[in-house]
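Accompanying notes for the structure given below.
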Amino acid sequence: MSTTLNIAKREFRSYFDSPVAYVVICLSLFGLGGVFFNYNGGFWQANRASLEQLFVQIPRALSWIVIPVVTMRLIAEEKRSGTLEMLITLPVKDSEVILGKFLGAWGLVLVLLGATIVYPALMFGAPWNLGALDSGPVAAGYLGLALYSAAAVAIGLFISALTESQIIAFFVTFVVLFFLHVLGAGAVLSMLPQRAEYVLTFISFDSRLASFMRGLVNTRDVVYFLSITFGSLIGAFWALERRKWN
Amino acid sequence: MIEATGLTKVYGAYRALDRVSFEVRKGEVVGFLGPNGAGKSTTMRILTCYNSASGGSAKVHGYDVFDEPLAVREKIGYLPQRAQMYGEMSVKEYLRFVADVRGIDDASFNKRMRNIVEVCGLGTVLGKDIRQLSHGYRQRVGLGQALIHNPPILILDEPTSDLDPNEKAEVLEYIKEIGKDRTVILSTHNLGEVEESCARAIIISKGRVVADGAIDEVRARGGRVRYQLLVDEKAALRGTAPSNEEVSAALGAIAGVLSVKELPTDDRAHGFTLLGNKSTDLRGEIFKLCVEKGWLLLEMRRDIQKLEDVFKSLTKGDEAADRLRTAAPADEDDEPADEDEDDDVEDEAGEDASDDDDASDDKADSKDED
Ligand SMILES: Nc1ncnc2c1ncn2[C@@H]1O[C@H](COP(=O)(O)OP(=O)(O)OP(=O)(O)O)[C@@H](O)[C@H]1O
Ligand SMILES: [Mg+2]
């Protein structure tokens, strides 16, 4: 366990050794703020003090920029530069490497998620004092976001383990996450037969996240995100083991 | 300590290792030699459980590399070829990271650090980011990383390749020193280094072990000795000073001399290396020749053959064959022809002894064919 944490710690720190983490965090916070308050009339047009817009925009910002950037280098870059050989020939299990890297990257995303709490804090506390916040949906929403981001980071890690190119890892992750979001969009669904609609709703991130935002924590949704996370981690583990046999 | 049995590694259709077996005992420092692409790094990667062998097995410190990779890795310090480390970390941070992963506590870390900083000459770069270091310094950090847990077994892939001569000597000295109660296997292309620091050499070529034994044994395998001599170019006992060609021709004419090679020298002397059989001593003949001709013999030395010569003779053929193969990859049409020629040569040799006329006919025939 401590090996995993050591690897996770190093991974997490290394984000802050390059400008990547700062740039991504700042850009996405500002971008999110802009979208949240202005897009579609934004927050101020909604009749009730709700964070729904925020919860719709955060996962997109994460999936379409932050997570591909954060996960692209995890394994791909280590393979390309050759640092992987040094890491793996330490007394570490391949599974610890995967788990450590996952935790490091997920940790960064969670920090970023934590930072978005600034928005509700500003609105419902000082300086705007919009009144009492219904804390149930907010808590459930953040739980959903945490679970969703675990799944998305694990997918990115898996893809990064399949290639030696950060760029390829970035684009493939972006595309996969993009589709996992838009699959559940109404426009897409209305064009498809009933059964396909059911399947797409089942695997879509957006439809899974929707119930969390309403304050509902469904076991099925939790299991869904956890299964994607574990499945992708196992995939990444397999991709890392593959080096031995090629 | 290290025991490889029939290691085979196949990449696609390519056999990088072909039944490699060797054993390294405790306290041995073994040089692992071979031309580029021979399979040295592949072997080391299998021993460190980075890759798996396609066949055969290996044990390190009694643990099977396939079944107990963690136990194996705990016992070894490994320096990969052209070791790459996280560039954004400082040297100190990196060593600390390795120590943490290896579960070394602060007290022993500090103690080991002092030792490593001294041996690897890291004092001035501890605070620098690894990406800012020169190659040689990175190599030193890599070496330090391999030594941090004071391992009983060291596996070093070209540990001295980027070091300057001073540091190289120091590292080799250190390897020799720690090799007294540890097991070291190091690969290198520098045969002088092996002669200096290793008691034993394993030479592999094209994935096969072609020599394995104490350095002296391996050296003696060639069955040759070399003579080095210098003859004055400006003056002579009698007559005029000899020309290069003159000396070379006369030396080549001595019975028992297998080859004469000129050495690079300044313009005061001609230098030559002769190769002879180990069973005969040619020094007397050479001296006599010089006295007869009135040349000034400035220096003469008889050496047992260098490791380099043995290395060359053991691996050169393979390499030449390789080169031919890659130079003309689509020569499937040519290859049968080549084989035919080879057969012809053998036939000739066989027939030469029995029947001269036939043999010359054969030769004429094969020329016609060409
Ligand atoms: N991942 C790989 N895929 C395919 N072939 C490989 C792979 N790794 C090594 N090889 C091949 O295996 C052979 C042995 O390579 P290896 O790196 O072990 O050589 P080496 O003895 O270390 O050479 P050098 O002295 O150049 O370091 C080479 O022909 C190489 O091309
Ligand atoms: Mg090599």
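Every chain in the structure tokens has a letter given in the order shown (A, B, ...), and although residue numbers restart at 1 in each chain, ligands are simply numbered from 1 in the order shown.
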Would you mind listing the residues within 10 Å of ligand 1, counting only C-alpha atoms and all ligand atoms, as a PyMOL selection string?
(chain A and resi 243-246) or (chain B and resi 9-17+32-46+51+80-82+157-158+187-189+204-207)
Counting only C-alpha atoms, collect the residues of chain A whose closest atom lies at most 6 Å from chain B, and write them out as a list in words.
Thr3, Gly82, Thr83, Leu90, Pro91 and Lys244 of chain A
What's the 9 Å shell around Ser211 in chain A, counting only C-alpha atoms, without same-chain residues fewer than 4 positions away, as a PyMOL selection string?
chain A and resi 140-141+144+207+215-218+221
Kindly save the residues from that selection, with N, CA, C and O atoms included, as a short mmCIF file (atom, residue, chain, number, x, y, z; two decimals), in the first residue's frame.
```
data_model
loop_
_atom_site.label_atom_id
_atom_site.label_comp_id
_atom_site.auth_asym_id
_atom_site.auth_seq_id
_atom_site.Cartn_x
_atom_site.Cartn_y
_atom_site.Cartn_z
N ALA A 140 -24.85 15.26 -3.01
CA ALA A 140 -25.01 14.14 -3.94
C ALA A 140 -24.32 14.46 -5.27
O ALA A 140 -23.66 13.61 -5.87
N GLY A 141 -24.48 15.71 -5.70
CA GLY A 141 -23.85 16.13 -6.96
C GLY A 141 -22.35 15.95 -6.91
O GLY A 141 -21.73 15.42 -7.84
N GLY A 144 -21.41 12.38 -7.05
CA GLY A 144 -21.50 11.92 -8.43
C GLY A 144 -20.29 12.36 -9.23
O GLY A 144 -19.71 11.58 -9.99
N SER A 207 -26.57 10.96 -18.48
CA SER A 207 -27.81 10.50 -17.86
C SER A 207 -27.54 9.91 -16.48
O SER A 207 -28.38 9.98 -15.60
N GLY A 215 -30.11 15.02 -6.43
CA GLY A 215 -29.97 14.63 -5.03
C GLY A 215 -30.22 13.16 -4.79
O GLY A 215 -30.28 12.72 -3.65
N LEU A 216 -30.32 12.38 -5.88
CA LEU A 216 -30.57 10.95 -5.72
C LEU A 216 -29.28 10.17 -5.87
O LEU A 216 -28.55 10.35 -6.84
N VAL A 217 -29.00 9.34 -4.90
CA VAL A 217 -27.84 8.47 -5.03
C VAL A 217 -28.34 7.06 -5.26
O VAL A 217 -28.76 6.37 -4.35
N ASN A 218 -28.34 6.65 -6.53
CA ASN A 218 -28.78 5.31 -6.90
C ASN A 218 -27.63 4.33 -6.82
O ASN A 218 -26.56 4.60 -7.33
N ASP A 221 -26.23 3.64 -10.24
CA ASP A 221 -25.32 4.63 -10.81
C ASP A 221 -23.93 4.53 -10.19
O ASP A 221 -22.91 4.65 -10.87
#
```
From the list B:Leu95, B:Ala220, B:Val141, B:Leu156, which residue is nearest ligand 2 when using only C-alpha atoms and all ligand atoms?
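Checking each candidate against ligand 2, we get B:Leu156 as the closest.
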Apply DSSP to the structure's backbone, then extract all residues of range 207-293 of chain B labelled alpha helix (DSSP H) and return them as a CSV table (one decimal) with N, CA and C atoms, in the first residue's frame.
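For reference, result.csv as written:
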```
chain,number,residue,atom,x,y,z
B,215,ILE,N,38.8,-14.4,-17.1
B,215,ILE,CA,39.3,-13.6,-18.2
B,215,ILE,C,40.5,-14.2,-18.8
B,216,ASP,N,41.4,-14.8,-18.1
B,216,ASP,CA,42.7,-15.4,-18.6
B,216,ASP,C,42.3,-16.6,-19.5
B,217,GLU,N,41.3,-17.3,-19.0
B,217,GLU,CA,40.9,-18.5,-19.8
B,217,GLU,C,40.3,-18.0,-21.2
B,218,VAL,N,39.5,-17.0,-21.1
B,218,VAL,CA,38.8,-16.5,-22.3
B,218,VAL,C,39.9,-16.0,-23.3
B,219,ARG,N,40.8,-15.3,-22.7
B,219,ARG,CA,41.9,-14.7,-23.5
B,219,ARG,C,42.7,-15.8,-24.2
B,220,ALA,N,42.9,-16.9,-23.4
B,220,ALA,CA,43.8,-17.9,-23.9
B,220,ALA,C,43.1,-18.7,-25.0
B,244,ASN,N,59.1,1.6,-44.0
B,244,ASN,CA,58.0,0.9,-43.4
B,244,ASN,C,57.8,-0.5,-44.1
B,245,GLU,N,57.7,-0.4,-45.4
B,245,GLU,CA,57.3,-1.6,-46.2
B,245,GLU,C,58.4,-2.7,-46.0
B,246,GLU,N,59.6,-2.3,-46.0
B,246,GLU,CA,60.7,-3.2,-45.9
B,246,GLU,C,60.6,-4.0,-44.6
B,247,VAL,N,60.4,-3.3,-43.5
B,247,VAL,CA,60.3,-4.0,-42.2
B,247,VAL,C,59.1,-4.9,-42.2
B,248,SER,N,58.0,-4.3,-42.7
B,248,SER,CA,56.8,-5.1,-42.6
B,248,SER,C,56.9,-6.4,-43.4
B,249,ALA,N,57.5,-6.3,-44.6
B,249,ALA,CA,57.7,-7.5,-45.4
B,249,ALA,C,58.6,-8.5,-44.8
B,250,ALA,N,59.7,-8.0,-44.2
B,250,ALA,CA,60.7,-8.9,-43.6
B,250,ALA,C,60.1,-9.6,-42.4
B,251,LEU,N,59.3,-8.9,-41.6
B,251,LEU,CA,58.6,-9.5,-40.4
B,251,LEU,C,57.6,-10.6,-40.9
B,252,GLY,N,56.9,-10.2,-41.9
B,252,GLY,CA,55.9,-11.2,-42.4
B,252,GLY,C,56.5,-12.5,-42.9
B,253,ALA,N,57.8,-12.4,-43.3
B,253,ALA,CA,58.5,-13.5,-43.9
B,253,ALA,C,59.0,-14.5,-42.8
B,283,ARG,N,60.3,-14.2,-30.4
B,283,ARG,CA,61.2,-13.0,-30.0
B,283,ARG,C,62.6,-13.1,-30.5
B,284,GLY,N,63.1,-14.3,-30.3
B,284,GLY,CA,64.5,-14.6,-30.8
B,284,GLY,C,64.6,-14.3,-32.3
B,285,GLU,N,63.7,-14.8,-33.1
B,285,GLU,CA,63.7,-14.7,-34.5
B,285,GLU,C,63.7,-13.2,-34.9
B,286,ILE,N,62.8,-12.5,-34.2
B,286,ILE,CA,62.7,-11.1,-34.5
B,286,ILE,C,64.0,-10.3,-34.2
B,287,PHE,N,64.5,-10.6,-33.1
B,287,PHE,CA,65.8,-10.0,-32.7
B,287,PHE,C,66.9,-10.3,-33.8
B,288,LYS,N,67.0,-11.5,-34.1
B,288,LYS,CA,68.0,-11.9,-35.1
B,288,LYS,C,67.8,-11.2,-36.4
B,289,LEU,N,66.6,-11.1,-36.8
B,289,LEU,CA,66.3,-10.4,-38.1
B,289,LEU,C,66.8,-9.0,-38.0
B,290,CYS,N,66.5,-8.3,-36.9
B,290,CYS,CA,66.9,-6.9,-36.8
B,290,CYS,C,68.4,-6.8,-36.8
B,291,VAL,N,69.1,-7.7,-36.1
B,291,VAL,CA,70.6,-7.7,-36.1
B,291,VAL,C,71.1,-7.9,-37.5
B,292,GLU,N,70.6,-8.9,-38.2
B,292,GLU,CA,71.1,-9.2,-39.5
B,292,GLU,C,71.0,-8.0,-40.4
B,293,LYS,N,69.8,-7.3,-40.4
B,293,LYS,CA,69.5,-6.2,-41.3
B,293,LYS,C,70.2,-4.9,-40.8
```
Polymer residues at most 12 Å from Ala61 in chain A, only C-alpha atoms, same-chain spacing of 5 or more positions, as a PyMOL selection string
chain A and resi 24-25+27-36+54-56+66-69+109+112-113+116+145+149+174+177-178+181
Give me the residues near Val231 in chain B as an NGL selection string, where near means some atom within 10 Å (using only C-alpha atoms) and where sequence neighbours in that chain fewer than 4 positions away do not count.
:B and (235-236 or 241-244 or 247 or 268-272 or 290 or 295-300)
Could you name the residues that touch Gly27 in chain B at 8 Å or less, counting only C-alpha atoms, but leaving out those on the same chain fewer than 6 positions away, as a PDB file with N, CA and C atoms, in the first residue's frame?
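Wrote part-v5.pdb, looks like this:
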```pdb
ATOM      1  N   GLY B 179      32.503  -5.407  -5.195  1.00  0.00           N
ATOM      2  CA  GLY B 179      32.338  -6.736  -5.761  1.00  0.00           C
ATOM      3  C   GLY B 179      32.936  -7.822  -4.895  1.00  0.00           C
ATOM      4  N   LYS B 180      33.686  -7.417  -3.883  1.00  0.00           N
ATOM      5  CA  LYS B 180      34.326  -8.427  -3.045  1.00  0.00           C
ATOM      6  C   LYS B 180      33.312  -9.264  -2.289  1.00  0.00           C
ATOM      7  N   ASP B 181      32.258  -8.625  -1.814  1.00  0.00           N
ATOM      8  CA  ASP B 181      31.257  -9.412  -1.088  1.00  0.00           C
ATOM      9  C   ASP B 181      29.886  -9.285  -1.739  1.00  0.00           C
ATOM     10  N   ARG B 182      29.886  -8.971  -3.027  1.00  0.00           N
ATOM     11  CA  ARG B 182      28.631  -8.821  -3.732  1.00  0.00           C
ATOM     12  C   ARG B 182      28.755  -9.449  -5.102  1.00  0.00           C
ATOM     13  N   THR B 183      27.661  -9.564  -5.752  1.00  0.00           N
ATOM     14  CA  THR B 183      27.669 -10.137  -7.086  1.00  0.00           C
ATOM     15  C   THR B 183      27.379  -9.028  -8.073  1.00  0.00           C
ATOM     16  N   VAL B 184      28.229  -8.880  -9.045  1.00  0.00           N
ATOM     17  CA  VAL B 184      28.021  -7.811 -10.012  1.00  0.00           C
ATOM     18  C   VAL B 184      28.056  -8.391 -11.417  1.00  0.00           C
TER      19      VAL B 184
END
```
Identify, with DSSP run on backbone atoms, the residues in range 117-190 of chain B assigned to strand (DSSP E or B), and express the list as a ChimeraX atom specification.
/B:129,153-157,183-187
CA of Thr71 in chain A and CA of Ala105 in chain A, how far apart in Å?
6.7 Å
Within 8 Å of Gly223 in chain B, counting only C-alpha atoms, which residues qualify if same-chain residues fewer than 3 places away don't, as a list in words?
Ala220, Asn277, Lys278 and Gln305 of chain B
Selection export as a CSV table (one decimal), in the first residue's frame, atoms kept: N, CA, C and O atoms:
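What ended up in result-v6.csv:
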```csv
chain,number,residue,atom,x,y,z
B,220,ALA,N,42.9,-16.9,-23.4
B,220,ALA,CA,43.8,-17.9,-23.9
B,220,ALA,C,43.1,-18.7,-25.0
B,220,ALA,O,43.7,-19.5,-25.8
B,277,ASN,N,51.5,-18.0,-32.9
B,277,ASN,CA,50.9,-19.1,-32.1
B,277,ASN,C,51.4,-19.0,-30.7
B,277,ASN,O,52.6,-18.7,-30.5
B,278,LYS,N,50.6,-19.5,-29.7
B,278,LYS,CA,51.1,-19.4,-28.4
B,278,LYS,C,52.2,-20.4,-28.1
B,278,LYS,O,53.1,-20.1,-27.3
B,305,GLN,N,47.3,-12.7,-26.0
B,305,GLN,CA,46.3,-12.0,-26.8
B,305,GLN,C,45.4,-11.1,-26.0
B,305,GLN,O,45.0,-11.5,-24.9
```
